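Step one of this worksheet: look at the structure below.
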Amino acid sequence: MKFSKTVLTLMMSLAAAGAAHADDYPSKTITMVIPFAAGGPTDTVGRLVGQAMSKELKQQIIVENVGGAGGTVGAGKVARSAPDGYTIFLHHIGHSTAPALYKKMSYSATDDFETIGLVTDVPMTIVARKDFPAKDFKELITYIKANAAKLNYANAGLGSASHLCGMLFMSALEADMTTVPYKGTGPAMTDLLAGQVDLMCDQTTNTTSQIKESKIKAYAVTTKTKVPSLPDLPTADSQGLKGFEVAVWHGMYAPKGTPKAVVDRLSGALQTALKDPDVIKRMADLGTEPVSKERATPAALRAHLRTEIDRWGPIIKKAGVYAD
C-alpha cells in the first residue's frame, strides 16, 4: 500500500505528537478514582499510595470517590474516560468478582482497562460489635449457628471484599445471617461501632486501629498466618475453620488505549511509591505490606486478574448470587 507524501507527513507528525505527549507526562493533576466511599480500606490504600506517587510524578494525584454497585459505577466511569493518563483507577478483588456477580455491566473488566500494577495484599478480619456475646471464635461459631436468623451481617455492598468474605464464611458454617449492604465499608464500620449491626468481615486496613482500641471485638484473621500488627489474633484456619482463607489484593488501572509510555511511567511511579519508607510503615500499621517490584507491573496484574476471575467465577455462580 502506497501513501502520499502528505499522508506520511501527517502520520509522522501524529507519532511525534504522541511521543512528545508521553515525554511531557504528567503536566497536570491526575485523578485517581476509588469506587467506594471515603474512609474505607480501599480509599485508605489509594490515598496513601497516591500521595507517594505524586512525589515521584511531580504532579498531584487527587482522589475521587465514586461508590455504588460493588465498585462497578466507578469502574464504568473510568472505562469511559479519556485514555490520556490523567484518570486512573484503584480497585480490589471486586474487580475480578464483578463479571460473575453482575449480569449486565457497561464495561469489560479485562478488555476496557490497561493494567498498571498490583499494590498490596490485605488480610481480612472477622469482627463484631463490642458487646457481642461470644467470647472467642469457637463460641462465635456456636452462637451464629444457633442464632443466624436473628443476626445482621454488614458488608460494603454486592461484590465487595466484605461481601465475598461473608458469603464464604456463612457457607462454611452453613448458617445464613441477614446481610446489610452499605455503600462502602466506611459507613458499615460506623454502624458496627454504634452497635447497629452485629458482625462484619473486613480488611485489616479498616479494622486494625478499631481492634487495638477495643472499639470492636475481633475473632480471627482470614489468612493462613497471623498478621504482625495483630499478633494476638489467631487465624480462622488454626481455630477449626480449616482451609478458610480470604485475602484482598488491590490493583491499579487506566482506561484502555492509554499510551504504553504513560502506563510505564505510572507503573514506575507505583513501584517507587511502594518502596517509600513512610508507605511501608503505614501499611504495616494497617496490617498489610506493599507487593514486590515484580508484582507492581502491568504484566503481573494482567495475569493475576485473569487468574482471579477464573478462580471466583465458579464459586459465585455455584452460590447463586447475582445482581441485575
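Ordering of the C-alpha cells sets the chain letters (A, B, ...), residue numbers begin anew at 1 in every chain, and ligands are numbered from 1 in the order given.
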Can you check which parts of range 188-216 of chain A lie within 10 Å of range 231-247 of chain A? Per residue, the shortest pair of atoms and distance in Å to one decimal, counting only C-alpha atoms, sorted by chain and number, as CSV.
residue,atom,partner,partner_atom,distance
A:Cys201,CA,A:Val246,CA,9.9
A:Gln203,CA,A:Ala247,CA,8.3
A:Thr204,CA,A:Ala247,CA,10.0
A:Ile211,CA,A:Leu233,CA,9.8
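Each of A:Gly157, A:Gly117, A:Pro314, A:Pro123 was compared to Ser267 in chain A using only C-alpha atoms, and A:Gly117 turns out to be the nearest.
Between CA of Ala188 in chain A and CA of Asp136 in chain A the interatomic distance comes to 22.3 Å.
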In terms of only C-alpha atoms, the residue from A:Ala273, A:Leu57, A:Ala284, A:Ala319 at minimal distance from Val119 in chain A is A:Ala273
Applying 9 Å and only C-alpha atoms, which residues near Ser106 in chain A remain after dropping the ones on its own chain fewer than 6 positions away? List them as a PyMOL selection string. chain A and resi 72-73+76+79
Please produce a file of the residues just selected, as a tab-separated table (two decimals), in the first residue's frame, where the atoms kept are C-alpha atoms.
chain	number	residue	atom	x	y	z
A	72	THR	CA	-18.89	-1.10	39.08
A	73	VAL	CA	-20.11	2.51	38.93
A	76	GLY	CA	-17.58	2.19	34.39
A	79	ALA	CA	-13.64	2.86	31.31
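Each of A:Glu289, A:Asp84, A:Lys138, A:Val127 was compared to Pro277 in chain A using only C-alpha atoms, and A:Glu289 turns out to be the nearest.
For the residues A:Leu173, A:Val291, A:Ala128, A:Val66, ranking by smallest atom-to-atom distance to Gln271 in chain A using only C-alpha atoms places A:Val291 first.
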Can you check which residues of range 106-224 of chain A DSSP gives as strand (DSSP E or B) on the backbone and send them as a PyMOL selection string? chain A and resi 113-129+152-155+178-181+199-203+216-221
Prev. selection, N, CA and C atoms, output as an mmCIF file, in the first residue's frame:
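Heads up, here's the output in selection.cif:
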data_model
loop_
_atom_site.group_PDB
_atom_site.id
_atom_site.type_symbol
_atom_site.label_atom_id
_atom_site.label_comp_id
_atom_site.auth_asym_id
_atom_site.auth_seq_id
_atom_site.Cartn_x
_atom_site.Cartn_y
_atom_site.Cartn_z
ATOM 1 N N PHE A 113 -9.532 -1.847 30.184
ATOM 2 C CA PHE A 113 -8.544 -1.191 31.043
ATOM 3 C C PHE A 113 -7.125 -1.608 30.671
ATOM 4 N N GLU A 114 -6.200 -0.699 30.889
ATOM 5 C CA GLU A 114 -4.779 -1.023 30.856
ATOM 6 C C GLU A 114 -4.363 -1.287 32.301
ATOM 7 N N THR A 115 -3.615 -2.340 32.532
ATOM 8 C CA THR A 115 -3.151 -2.640 33.884
ATOM 9 C C THR A 115 -1.874 -1.869 34.186
ATOM 10 N N ILE A 116 -1.772 -1.358 35.398
ATOM 11 C CA ILE A 116 -0.589 -0.611 35.835
ATOM 12 C C ILE A 116 0.254 -1.447 36.787
ATOM 13 N N GLY A 117 -0.399 -2.101 37.747
ATOM 14 C CA GLY A 117 0.344 -2.978 38.651
ATOM 15 C C GLY A 117 -0.439 -3.309 39.903
ATOM 16 N N LEU A 118 -0.063 -4.409 40.536
ATOM 17 C CA LEU A 118 -0.612 -4.760 41.837
ATOM 18 C C LEU A 118 -0.049 -3.817 42.889
ATOM 19 N N VAL A 119 -0.769 -3.634 43.975
ATOM 20 C CA VAL A 119 -0.375 -2.680 45.011
ATOM 21 C C VAL A 119 -0.108 -3.368 46.351
ATOM 22 N N THR A 120 -1.078 -4.127 46.824
ATOM 23 C CA THR A 120 -0.916 -4.776 48.128
ATOM 24 C C THR A 120 -1.907 -5.922 48.285
ATOM 25 N N ASP A 121 -1.560 -6.873 49.130
ATOM 26 C CA ASP A 121 -2.474 -7.944 49.525
ATOM 27 C C ASP A 121 -2.864 -7.683 50.974
ATOM 28 N N VAL A 122 -4.145 -7.590 51.237
ATOM 29 C CA VAL A 122 -4.614 -7.227 52.577
ATOM 30 C C VAL A 122 -5.366 -8.384 53.233
ATOM 31 N N PRO A 123 -4.933 -8.826 54.425
ATOM 32 C CA PRO A 123 -5.700 -9.839 55.163
ATOM 33 C C PRO A 123 -7.033 -9.252 55.604
ATOM 34 N N MET A 124 -7.968 -10.120 55.952
ATOM 35 C CA MET A 124 -9.252 -9.676 56.473
ATOM 36 C C MET A 124 -9.428 -10.181 57.892
ATOM 37 N N THR A 125 -10.341 -9.574 58.615
ATOM 38 C CA THR A 125 -10.614 -9.966 59.995
ATOM 39 C C THR A 125 -12.108 -10.184 60.176
ATOM 40 N N ILE A 126 -12.458 -11.157 60.982
ATOM 41 C CA ILE A 126 -13.852 -11.401 61.335
ATOM 42 C C ILE A 126 -14.095 -10.682 62.659
ATOM 43 N N VAL A 127 -14.957 -9.671 62.617
ATOM 44 C CA VAL A 127 -15.165 -8.806 63.781
ATOM 45 C C VAL A 127 -16.642 -8.663 64.104
ATOM 46 N N ALA A 128 -16.904 -8.151 65.309
ATOM 47 C CA ALA A 128 -18.288 -7.963 65.770
ATOM 48 C C ALA A 128 -18.383 -6.688 66.597
ATOM 49 N N ARG A 129 -19.615 -6.279 66.868
ATOM 50 C CA ARG A 129 -19.811 -5.132 67.757
ATOM 51 C C ARG A 129 -19.166 -5.438 69.115
ATOM 52 N N ASN A 152 -27.405 -9.763 62.128
ATOM 53 C CA ASN A 152 -27.192 -8.916 60.954
ATOM 54 C C ASN A 152 -25.709 -8.877 60.601
ATOM 55 N N TYR A 153 -25.417 -9.136 59.338
ATOM 56 C CA TYR A 153 -24.039 -9.107 58.853
ATOM 57 C C TYR A 153 -23.875 -7.941 57.889
ATOM 58 N N ALA A 154 -22.970 -7.020 58.211
ATOM 59 C CA ALA A 154 -22.750 -5.836 57.377
ATOM 60 C C ALA A 154 -21.712 -6.112 56.300
ATOM 61 N N ASN A 155 -21.912 -5.515 55.143
ATOM 62 C CA ASN A 155 -20.873 -5.565 54.109
ATOM 63 C C ASN A 155 -20.881 -4.270 53.311
ATOM 64 N N THR A 178 -28.753 -12.340 58.157
ATOM 65 C CA THR A 178 -29.336 -11.269 57.354
ATOM 66 C C THR A 178 -28.225 -10.310 56.949
ATOM 67 N N THR A 179 -28.015 -10.147 55.655
ATOM 68 C CA THR A 179 -26.951 -9.258 55.196
ATOM 69 C C THR A 179 -27.475 -7.832 55.066
ATOM 70 N N VAL A 180 -26.645 -6.879 55.465
ATOM 71 C CA VAL A 180 -26.992 -5.461 55.387
ATOM 72 C C VAL A 180 -25.929 -4.771 54.533
ATOM 73 N N PRO A 181 -26.226 -4.516 53.257
ATOM 74 C CA PRO A 181 -25.235 -3.895 52.374
ATOM 75 C C PRO A 181 -25.147 -2.383 52.571
ATOM 76 N N LEU A 199 -22.111 -8.193 62.961
ATOM 77 C CA LEU A 199 -20.852 -8.775 62.501
ATOM 78 C C LEU A 199 -20.403 -8.193 61.171
ATOM 79 N N MET A 200 -19.116 -8.379 60.875
ATOM 80 C CA MET A 200 -18.583 -7.957 59.592
ATOM 81 C C MET A 200 -17.249 -8.662 59.374
ATOM 82 N N CYS A 201 -16.920 -8.915 58.138
ATOM 83 C CA CYS A 201 -15.590 -9.400 57.772
ATOM 84 C C CYS A 201 -14.971 -8.287 56.947
ATOM 85 N N ASP A 202 -13.888 -7.690 57.443
ATOM 86 C CA ASP A 202 -13.350 -6.512 56.778
ATOM 87 C C ASP A 202 -11.827 -6.524 56.773
ATOM 88 N N GLN A 203 -11.271 -5.740 55.874
ATOM 89 C CA GLN A 203 -9.825 -5.680 55.701
ATOM 90 C C GLN A 203 -9.128 -5.075 56.922
ATOM 91 N N ILE A 216 -14.163 -2.594 68.764
ATOM 92 C CA ILE A 216 -14.913 -3.710 68.221
ATOM 93 C C ILE A 216 -14.268 -4.993 68.747
ATOM 94 N N LYS A 217 -14.960 -6.108 68.596
ATOM 95 C CA LYS A 217 -14.440 -7.397 69.071
ATOM 96 C C LYS A 217 -13.930 -8.199 67.870
ATOM 97 N N ALA A 218 -12.700 -8.678 67.950
ATOM 98 C CA ALA A 218 -12.095 -9.428 66.852
ATOM 99 C C ALA A 218 -11.991 -10.904 67.203
ATOM 100 N N TYR A 219 -12.274 -11.766 66.214
ATOM 101 C CA TYR A 219 -12.262 -13.208 66.450
ATOM 102 C C TYR A 219 -11.206 -13.964 65.647
ATOM 103 N N ALA A 220 -10.865 -13.480 64.455
ATOM 104 C CA ALA A 220 -9.902 -14.219 63.631
ATOM 105 C C ALA A 220 -9.434 -13.380 62.452
ATOM 106 N N VAL A 221 -8.261 -13.749 61.929
ATOM 107 C CA VAL A 221 -7.806 -13.218 60.643
ATOM 108 C C VAL A 221 -8.032 -14.307 59.610
#
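Minimum atom-to-atom distance to Lys226 in chain A, evaluated using only C-alpha atoms, belongs to A:Gly287 out of A:Thr185, A:Phe132, A:Gly287, A:Ala52.
When only C-alpha atoms are used to measure the gap to Lys145 in chain A, the shortest distance among A:Ala254, A:Gly159, A:Arg282, A:Glu174 belongs to A:Glu174.
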Using DSSP on the backbone coordinates, identify all residues within range 113-319 of chain A classified as alpha helix (DSSP H); present the result as a ChimeraX atom specification. /A:137-147,161-173,185-193,204-212,260-273,277-285,298-319
